[in-house]
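Data file: run_39.txt. Format and content: compact mmCIF, C-alpha atoms and all ligand atoms.
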```txt
# COMPACT_ATOMS: atom_id res chain seq x y z
CA MET A 59 112.75 103.19 89.17
CA LYS A 60 110.02 105.39 87.80
CA THR A 61 109.26 108.73 89.37
CA TRP A 62 105.75 110.10 89.62
CA LYS A 63 104.27 113.58 89.86
CA PHE A 64 102.32 114.50 92.97
CA ALA A 65 99.06 116.43 93.19
CA VAL A 66 96.79 117.43 96.06
CA ASN A 67 93.04 117.16 96.39
CA SER A 68 91.73 120.73 96.67
CA ALA A 69 88.82 119.54 98.84
CA TYR A 70 91.18 119.28 101.82
CA PHE A 71 92.20 122.93 101.54
CA GLY A 72 88.69 124.22 102.12
CA LYS A 73 86.18 123.84 104.91
CA LYS A 74 86.59 120.54 106.72
CA ARG A 75 84.11 119.23 109.20
CA ASP A 76 82.78 115.86 110.30
CA ARG A 77 79.69 115.10 112.33
CA PHE A 78 81.44 116.20 115.54
CA THR A 79 83.39 119.34 114.82
CA GLU A 80 84.81 121.76 112.29
CA TYR A 81 88.57 121.39 111.73
CA GLN A 82 89.25 124.05 109.20
CA PRO A 83 87.51 127.14 107.75
CA ASP A 84 86.69 127.54 104.08
CA HIS A 85 89.19 129.21 101.74
CA THR A 86 88.79 130.99 98.42
CA LEU A 87 90.27 129.39 95.32
CA GLU A 88 93.07 131.99 95.37
CA GLU A 89 93.90 131.05 98.98
CA LYS A 90 93.85 127.35 98.13
CA PHE A 91 96.33 127.93 95.31
CA GLN A 92 98.58 129.98 97.61
CA MET A 93 98.61 127.16 100.13
CA VAL A 94 99.30 124.46 97.53
CA GLU A 95 102.06 126.47 95.82
CA SER A 96 104.02 126.51 99.07
CA ILE A 97 104.14 122.72 99.39
CA PRO A 98 107.43 121.20 98.19
CA GLY A 99 107.11 118.28 95.82
CA ILE A 100 103.60 119.17 94.66
CA SER A 101 103.10 120.05 91.01
CA GLY A 102 99.38 119.53 90.56
CA ILE A 103 96.00 120.33 92.05
CA GLU A 104 92.92 118.16 91.54
CA LEU A 105 90.07 120.67 91.44
CA LYS A 106 86.52 119.96 92.60
CA TYR A 107 83.54 120.53 90.37
CA PRO A 108 81.29 122.37 91.03
CA PHE A 109 82.78 124.01 94.18
CA ASP A 110 86.15 125.18 92.81
CA LEU A 111 85.09 125.67 89.24
CA ARG A 112 82.21 128.13 89.29
CA ASP A 113 84.62 130.59 87.62
CA VAL A 114 86.62 128.57 85.10
CA PRO A 115 88.62 131.53 83.67
CA LEU A 116 89.78 132.29 87.24
CA ALA A 117 90.91 128.68 87.74
CA LYS A 118 92.71 128.82 84.40
CA ARG A 119 94.49 132.05 85.37
CA LEU A 120 95.50 130.65 88.78
CA LEU A 121 96.91 127.51 87.13
CA GLU A 122 98.95 129.64 84.72
CA GLU A 123 100.22 132.02 87.41
CA SER A 124 101.11 129.28 89.89
CA GLY A 125 102.69 126.89 87.40
CA LEU A 126 100.59 124.12 88.91
CA GLU A 127 98.95 121.57 86.60
CA CYS A 128 95.42 120.27 86.98
CA PRO A 129 95.77 116.52 86.38
CA ALA A 130 92.09 115.80 87.10
CA VAL A 131 88.76 117.47 87.75
CA ASN A 132 86.97 115.76 90.65
CA VAL A 133 83.20 115.79 90.10
CA ASP A 134 81.01 115.62 93.20
CA ILE A 135 77.80 113.70 92.60
CA LYS A 136 76.76 112.90 96.14
CA ASP A 137 74.92 115.91 97.57
CA ALA A 138 71.75 114.89 99.33
CA THR A 139 69.72 117.72 97.80
CA HIS A 140 69.69 116.01 94.42
CA PHE A 141 71.05 112.54 95.08
CA ARG A 142 69.55 111.41 98.38
CA HIS A 143 68.28 108.20 96.75
CA GLY A 144 71.13 107.66 94.31
CA ALA A 145 72.78 109.45 91.41
CA LEU A 146 74.02 107.33 88.48
CA SER A 147 71.93 104.38 89.67
CA ALA A 148 68.85 106.31 90.88
CA ARG A 149 65.32 105.19 90.10
CA THR A 150 64.36 108.65 88.87
CA PRO A 151 65.62 109.60 85.40
CA GLU A 152 65.99 113.24 86.58
CA ALA A 153 68.61 112.30 89.18
CA ARG A 154 70.48 110.12 86.68
CA ARG A 155 70.36 112.84 84.02
CA ARG A 156 71.68 115.41 86.49
CA ALA A 157 74.54 113.12 87.60
CA VAL A 158 75.52 112.35 83.99
CA SER A 159 75.38 116.00 82.95
CA MET A 160 77.55 116.99 85.92
CA LEU A 161 80.14 114.46 84.75
CA THR A 162 80.00 115.68 81.14
CA GLU A 163 80.25 119.31 82.29
CA GLY A 164 83.27 118.28 84.36
CA MET A 165 84.78 116.61 81.26
CA ASP A 166 84.36 119.79 79.20
CA ILE A 167 85.98 121.88 81.95
CA ALA A 168 88.78 119.30 82.28
CA ALA A 169 89.51 119.72 78.56
CA GLU A 170 89.62 123.51 79.00
CA LEU A 171 92.06 123.21 81.91
CA GLY A 172 94.31 120.73 80.14
CA ALA A 173 93.36 117.94 82.56
CA GLY A 174 92.95 114.63 80.80
CA ILE A 175 90.87 113.03 83.53
CA VAL A 176 87.63 113.42 85.44
CA THR A 177 87.54 111.55 88.73
CA THR A 178 84.39 110.75 90.66
CA CYS A 179 83.59 108.67 93.71
CA PRO A 180 79.93 107.66 93.29
CA LEU A 181 79.04 107.61 96.98
CA ALA A 182 75.35 108.40 96.51
CA ASP A 183 74.98 105.07 94.75
CA GLY A 184 74.56 102.58 97.54
CA TYR A 185 72.14 101.26 100.09
CA ASP A 186 71.69 100.52 103.78
CA TYR A 187 68.97 97.88 104.04
CA PRO A 188 67.84 94.59 102.58
CA PHE A 189 64.88 95.19 100.23
CA GLN A 190 65.93 98.82 99.72
CA ILE A 191 66.88 98.57 96.05
CA ASP A 192 66.54 96.21 93.12
CA TYR A 193 70.16 95.32 92.34
CA THR A 194 69.64 94.42 88.68
CA THR A 195 67.90 97.72 87.98
CA ALA A 196 70.30 99.81 90.05
CA TRP A 197 73.41 98.26 88.45
CA GLY A 198 71.81 98.51 84.99
CA ASN A 199 71.17 102.22 85.53
CA PHE A 200 74.62 102.71 87.03
CA ILE A 201 76.45 101.17 84.09
CA GLU A 202 74.26 102.88 81.48
CA SER A 203 74.90 106.26 83.14
CA LEU A 204 78.66 105.65 83.19
CA ARG A 205 78.56 104.62 79.54
CA MET A 206 76.63 107.78 78.60
CA ALA A 207 78.99 110.03 80.53
CA ALA A 208 82.20 108.46 79.18
CA SER A 209 80.82 108.53 75.61
CA HIS A 210 80.40 112.31 75.84
CA ARG A 211 83.98 112.77 74.62
CA SER A 212 86.78 110.31 74.00
CA ASP A 213 89.65 112.71 74.72
CA ILE A 214 88.87 112.82 78.47
CA ARG A 215 89.10 109.71 80.62
CA LEU A 216 86.52 109.07 83.32
CA ALA A 217 88.12 107.54 86.42
CA VAL A 218 85.70 106.08 88.97
CA GLU A 219 86.77 105.53 92.57
CA SER A 220 85.56 102.52 94.52
CA GLN A 221 84.84 102.69 98.24
CA PRO A 222 83.10 100.03 100.37
CA HIS A 223 81.15 102.18 102.86
CA GLU A 224 80.02 105.71 103.67
CA PRO A 225 77.72 107.49 103.52
CA HIS A 226 75.71 104.30 102.94
CA ALA A 227 76.40 101.02 104.68
CA ARG A 228 77.16 99.58 101.24
CA ILE A 229 78.32 101.41 98.14
CA LEU A 230 77.60 99.80 94.74
CA LEU A 231 81.12 100.43 93.45
CA ALA A 232 82.62 98.75 96.51
CA ASN A 233 85.91 97.31 95.28
CA VAL A 234 88.27 96.74 92.36
CA GLY A 235 86.21 93.79 91.11
CA MET A 236 83.13 95.99 90.83
CA VAL A 237 85.15 98.62 88.92
CA LEU A 238 86.39 96.01 86.45
CA PHE A 239 82.84 94.66 86.08
CA ALA A 240 81.47 98.17 85.39
CA CYS A 241 84.22 98.85 82.83
CA ALA A 242 83.66 95.54 81.05
CA GLU A 243 79.89 96.03 80.96
CA ALA A 244 80.02 99.67 79.85
CA GLY A 245 82.41 98.72 77.03
CA VAL A 246 83.95 102.17 76.57
CA PRO A 247 87.76 102.46 76.58
CA ASN A 248 87.89 105.82 78.41
CA LEU A 249 86.17 104.49 81.53
CA GLY A 250 88.63 103.32 84.19
CA ALA A 251 89.70 103.65 87.79
CA ASN A 252 90.92 106.19 90.23
CA LEU A 253 92.45 103.68 92.65
CA ASP A 254 92.22 105.18 96.15
CA ILE A 255 94.74 103.23 98.22
CA GLY A 256 92.92 103.80 101.53
CA HIS A 257 89.62 102.69 100.02
CA SER A 258 91.39 99.62 98.66
CA PHE A 259 92.63 98.71 102.18
CA ALA A 260 89.12 99.45 103.54
CA ALA A 261 87.72 96.96 101.02
CA GLY A 262 90.13 94.29 102.27
CA GLU A 263 92.25 94.42 99.13
CA SER A 264 95.97 94.35 98.55
CA PRO A 265 96.32 97.59 96.53
CA ALA A 266 99.30 96.17 94.60
CA GLU A 267 97.05 93.38 93.37
CA SER A 268 94.23 95.84 92.54
CA ALA A 269 96.66 98.03 90.58
CA SER A 270 97.93 94.98 88.68
CA LEU A 271 94.41 93.86 87.73
CA LEU A 272 93.39 97.35 86.60
CA ALA A 273 96.60 97.82 84.61
CA ALA A 274 96.10 94.47 82.90
CA LYS A 275 92.87 95.87 81.45
CA ASN A 276 94.28 99.38 80.78
CA ARG A 277 91.97 100.82 83.42
CA LEU A 278 94.42 102.31 85.90
CA PHE A 279 94.01 106.03 85.12
CA TYR A 280 94.71 107.83 88.41
CA ILE A 281 95.69 107.04 92.00
CA HIS A 282 94.69 108.65 95.31
CA VAL A 283 97.51 108.11 97.78
CA ASN A 284 96.74 107.73 101.48
CA ASP A 285 96.41 104.99 104.09
CA ASN A 286 93.93 103.87 106.73
CA THR A 287 93.37 101.37 109.48
CA GLY A 288 92.07 98.75 107.06
CA ASP A 289 88.98 97.94 109.11
CA GLY A 290 86.46 99.48 106.73
CA GLY A 291 86.72 103.12 107.83
CA ASP A 292 87.93 105.82 105.47
CA TRP A 293 90.43 107.89 107.46
CA ASP A 294 92.58 109.33 104.67
CA MET A 295 95.77 108.93 106.69
CA ILE A 296 99.41 109.56 105.71
CA SER A 297 100.62 107.11 103.07
CA GLY A 298 102.59 104.21 104.51
CA SER A 299 101.84 105.17 108.13
CA VAL A 300 99.83 101.98 108.73
CA HIS A 301 100.44 99.54 105.86
CA PHE A 302 104.15 100.16 105.39
CA TRP A 303 105.08 96.87 103.69
CA SER A 304 101.97 96.84 101.50
CA TRP A 305 102.76 100.40 100.49
CA LEU A 306 106.31 99.36 99.49
CA GLU A 307 104.82 96.50 97.51
CA LEU A 308 102.41 98.93 95.82
CA LEU A 309 105.21 101.27 94.67
CA TYR A 310 107.31 98.29 93.54
CA THR A 311 104.27 97.09 91.56
CA LEU A 312 103.47 100.51 90.04
CA ASP A 313 107.04 100.63 88.75
CA LYS A 314 106.78 97.08 87.42
CA ILE A 315 103.49 97.67 85.56
CA GLY A 316 104.78 100.97 84.19
CA TYR A 317 102.19 103.26 85.77
CA SER A 318 102.88 106.70 84.34
CA GLY A 319 99.98 108.68 85.80
CA TRP A 320 99.83 110.99 88.78
CA LEU A 321 99.88 110.25 92.48
CA GLY A 322 97.10 112.42 93.84
CA GLY A 323 97.44 113.01 97.57
CA ASP A 324 94.13 112.45 99.32
CA VAL A 325 94.86 112.82 103.03
CA ALA A 326 92.66 114.47 105.67
CA PRO A 327 95.10 116.43 107.79
CA LYS A 328 92.75 117.29 110.62
CA HIS A 329 95.49 117.40 113.27
CA ILE A 330 98.18 119.30 111.42
CA GLY A 331 96.55 121.30 108.63
CA PRO A 332 96.75 120.66 104.90
CA GLU A 333 100.21 122.08 104.17
CA ALA A 334 102.00 119.94 106.78
CA GLY A 335 99.77 116.96 105.92
CA TYR A 336 100.64 117.02 102.23
CA VAL A 337 104.35 117.66 102.89
CA ILE A 338 104.67 114.50 104.99
CA ASN A 339 102.38 112.47 102.73
CA THR A 340 104.55 113.28 99.71
CA ARG A 341 107.82 112.70 101.61
CA MET A 342 106.65 109.34 102.88
CA VAL A 343 105.93 108.14 99.33
CA GLN A 344 109.20 109.61 98.01
CA ARG A 345 111.21 107.96 100.80
CA MET A 346 109.50 104.60 100.32
CA ARG A 347 110.35 104.87 96.62
CA LEU A 348 114.00 105.66 97.44
CA LEU A 349 114.10 102.77 99.89
CA LEU A 350 112.92 100.44 97.11
CA GLU A 351 115.61 101.79 94.85
CA ARG A 352 118.20 100.99 97.53
CA MET A 353 116.73 97.54 98.07
CA GLY A 354 116.93 96.96 94.32
CA THR A 355 113.75 96.13 92.45
CA GLU A 356 115.58 93.47 90.42
CA LYS A 357 116.73 91.74 93.61
CA ILE A 358 113.14 91.83 94.96
CA ALA A 359 111.77 90.54 91.64
CA ALA A 360 114.23 87.64 91.75
CA LEU A 361 112.97 86.68 95.24
CA VAL A 362 109.29 87.02 94.24
CA ARG A 363 109.87 84.69 91.26
CA GLN A 364 110.89 81.88 93.61
CA GLU A 365 108.56 79.50 95.39
CA GLY A 366 108.62 79.02 99.17
CA VAL A 367 111.24 81.66 100.02
CA ILE A 368 109.16 84.26 101.88
CA ASP A 369 111.55 83.88 104.86
CA GLN A 370 114.48 84.84 102.63
CA THR A 371 112.45 87.68 101.12
CA PHE A 372 111.78 89.25 104.52
CA GLU A 373 115.31 88.47 105.73
CA TYR A 374 116.53 90.52 102.78
CA LEU A 375 113.91 93.30 103.02
CA SER A 376 114.33 93.76 106.77
CA SER A 377 118.12 93.67 106.52
CA CYS A 378 117.84 96.66 104.18
CA LEU A 379 116.11 98.56 107.01
CA ILE A 380 118.40 97.38 109.82
CA PRO A 381 121.62 95.89 108.46
CA ASP A 382 123.08 95.23 111.95
CA PRO A 383 123.42 91.60 112.98
CA VAL A 384 120.40 90.31 114.90
CA GLU A 385 120.96 89.27 118.50
CA PRO A 386 120.92 85.50 119.11
CA VAL A 387 117.51 84.12 120.04
CA TYR A 388 117.16 83.36 123.76
CA ARG A 389 116.82 79.65 124.39
CA ARG A 390 115.41 78.05 127.51
CA LYS A 391 117.83 75.93 129.55
CA GLU A 392 117.55 72.21 129.00
CA LYS A 393 115.72 70.46 131.82
CA SER A 394 118.17 68.55 134.04
ZN ZN B 401 89.96 109.41 97.11
```
Output the file's structure in the form of structure tokens.
Ligand SMILES: [Zn+2]
Amino acid sequence: MKTWKFAVNSAYFGKKRDRFTEYQPDHTLEEKFQMVESIPGISGIELKYPFDLRDVPLAKRLLEESGLECPAVNVDIKDATHFRHGALSARTPEARRRAVSMLTEGMDIAAELGAGIVTTCPLADGYDYPFQIDYTTAWGNFIESLRMAASHRSDIRLAVESQPHEPHARILLANVGMVLFACAEAGVPNLGANLDIGHSFAAGESPAESASLLAAKNRLFYIHVNDNTGDGGDWDMISGSVHFWSWLELLYTLDKIGYSGWLGGDVAPKHIGPEAGYVINTRMVQRMRLLLERMGTEKIAALVRQEGVIDQTFEYLSSCLIPDPVEPVYRRKEKS
């Protein structure tokens, strides 16, 4: 089976607060690197633009000194100061221009840092109410902005992240279908997806299916690994902690489709702190991968090829977890 390199999302090593409380203080970039360096299994750090990259030479030096790679620069285009009424899809050309130039600046910095990818989750582009936006105009603006940003340079790939809700009731780029639509409409080969597994569950998807569809169109550029309750909320939980079987299926599928990109951890470790959170997130994925290796991907593929054998499939898969014989099923006594 394939192995993948793991990165962390630097955003979770700085100040963390929600609308109720603050979980974690802010840290300097040097402190973030020190924390990430100590995490076993992590070889990359996805850096946020603009917050982490106000001093690009410093980031470059820290990458060199730590031996960490920067697989992607994560561009934040959702702050309410500039993008309260949308960013890439906004009515005002100033907001759209600003969002596009932030992406192109992020692409230039990515090139400087040796990162081949810019990721962005366009959460300012959404709506709450009926009659709030004109969908044709908003989607037209959205796709044109993405096309302009991606066309800035062909050596950096722009990976957009879908998410169904938050901070708006509805986000334009809500699911994998919307991502594929945007890519097809924009018509530029370096526009693709950062598939966030938790967002995929929140959108009611099977992430293995989403990954397969994206890969079929050469649009699977990056992956954010996490989990959530699957009821629409975005909890950035430990990978495989909720959707264990779907997570196994995802890793089996990533191996099958030959995904060779990074697995970028994207968990919110509010209870245990970022170091412990990213240790267990990485171990969970590594152990699920090892479990699949033990189960045998060829054996699983042979079962999946057959029709009407899902009982045999789960008999086999579960027997790999607990090989002991199962106790006989209790039967009610026959009525006399
Ligand atoms: Zn994400």
* To do: List all protein, DNA and RNA residues that have any atom at most 6 Å from ligand ZN 401 (chain B), counting only C-alpha atoms and all ligand atoms, and write the list as a ChimeraX atom specification.
  => /A:254,282,324
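The space between atom CA of Ala173 of chain A and atom CA of Cys128 of chain A spans 5.4 Å.
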Taking all atoms of segment 295-307 of chain A that the file lists, what box with edges along x, y and z, padded by 4 Å per side, do you get, with centre and edge lengths in Å to one decimal, as lines of an AutoDock Vina configuration file?
```
center_x = 101.0
center_y = 103.0
center_z = 103.1
size_x = 18.5
size_y = 21.1
size_z = 19.2
```
Taken to one decimal, the atom CA of Gly125 of chain A-atom CA of Glu88 of chain A distance is 13.5 Å
Q: Tell me, as number ranges by chain, which residues lie within 7 Å of segment 300-307 of chain A, counting only C-alpha atoms; anything in the same chain fewer than 6 positions away does not count.
A: A: 266, 285-287, 346
Can you write out as a tab-separated table which residues of segment 138-186 of chain A fall within 9 Å of segment 111-114 of chain A, alongside each residue's closest atom pair and its distance in Å to one decimal, counting all atoms listed in the file and ordering rows by chain and ascending residue number?
```
residue	atom	partner	partner_atom	distance
A:Ile167	CA	A:Val114	CA	7.4
A:Glu170	CA	A:Val114	CA	8.5
A:Leu171	CA	A:Val114	CA	8.3
```
**Message:** Please determine, counting all atoms listed in the file, which residue among A:Ala130, A:Ala260, A:Leu116, A:Leu238 has the shortest atom-to-atom distance to Gly288 of chain A.
**Reply:**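 Once distances to Gly288 of chain A are computed over all atoms listed in the file, the minimum belongs to A:Ala260.
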Q: Write out as a VMD selection string which residues come within 12 Å of Ala148 of chain A when counting only C-alpha atoms, dropping same-chain ones fewer than 3 positions away.
A: chain A and resid 135 to 136 140 to 145 151 to 158 180 to 185 190 to 193 195 to 203 230
Practice item. Determine, counting only C-alpha atoms, which protein, DNA and RNA residues have an atom within 10 Å of an atom of segment 376-391 of chain A; residues of the same chain fewer than 6 positions away are not included. Present the result as an NGL selection string. Key: :A and (349-350 or 352-354 or 370)
Distance query Ser124 of chain A at most 8 Å, all atoms listed in the file, self and fewer than 4 positions along chain excluded, as a PyMOL selection string:
chain A and resi 91+95+120
Dump of C-alpha atoms for the selected residues, as an mmCIF file, in the coordinates of the input:
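Writing the result to out.cif gives the following:
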```
data_model
loop_
_atom_site.group_PDB
_atom_site.id
_atom_site.type_symbol
_atom_site.label_atom_id
_atom_site.label_comp_id
_atom_site.auth_asym_id
_atom_site.auth_seq_id
_atom_site.Cartn_x
_atom_site.Cartn_y
_atom_site.Cartn_z
ATOM 1 C CA PHE A 91 96.330 127.930 95.310
ATOM 2 C CA GLU A 95 102.060 126.470 95.820
ATOM 3 C CA LEU A 120 95.500 130.650 88.780
#
```
query = A:Leu271, A:Ile97, A:Ala208, A:Leu216: which is nearest Met236 of chain A, counting all atoms listed in the file?
reply =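 For Met236 of chain A, the nearest of the candidates is A:Leu271.
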| message | So the first atom is atom CA of Ile214 of chain A and the second is atom CA of Met165 of chain A; what is the distance between them in Å, to one decimal place? | response |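 Going from atom CA of Ile214 of chain A over to atom CA of Met165 of chain A covers 6.2 Å.
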Closest of A:Asp186, A:Gly323, A:Lys73, A:Phe279 to His226 of chain A, counting all atoms listed in the file, is A:Asp186
(message) Between A:Ser318, A:Ser270, A:Phe239, A:Gln221, which residue has the minimum interatomic distance to His257 of chain A, considering only C-alpha atoms?
(response)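 Closest to His257 of chain A of all the choices is A:Gln221.
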**Request:** May I ask which of the residues A:Ala169, A:Val246, A:Ile103, A:Ala207 is the closest one to Lys63 of chain A, counting all atoms listed in the file?
**Result:**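 Among the listed residues, A:Ile103 lies closest to Lys63 of chain A.
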Just want the 10 Å neighbourhood of Glu267 of chain A, counted on all atoms listed in the file, with same-chain residues fewer than 5 positions away dropped. Output as a CSV table (one decimal) with C-alpha atoms, in the frame of the given file.
```csv
chain,number,residue,atom,x,y,z
A,234,VAL,CA,88.3,96.7,92.4
A,258,SER,CA,91.4,99.6,98.7
A,272,LEU,CA,93.4,97.4,86.6
A,273,ALA,CA,96.6,97.8,84.6
A,307,GLU,CA,104.8,96.5,97.5
A,308,LEU,CA,102.4,98.9,95.8
A,311,THR,CA,104.3,97.1,91.6
```
Given all atoms listed in the file as the counted atoms, nearest of A:Arg341, A:Trp320, A:Ser220, A:Thr86 to Ser268 of chain A: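 Using all atoms listed in the file, Ser268 of chain A sits closest to A:Ser220.
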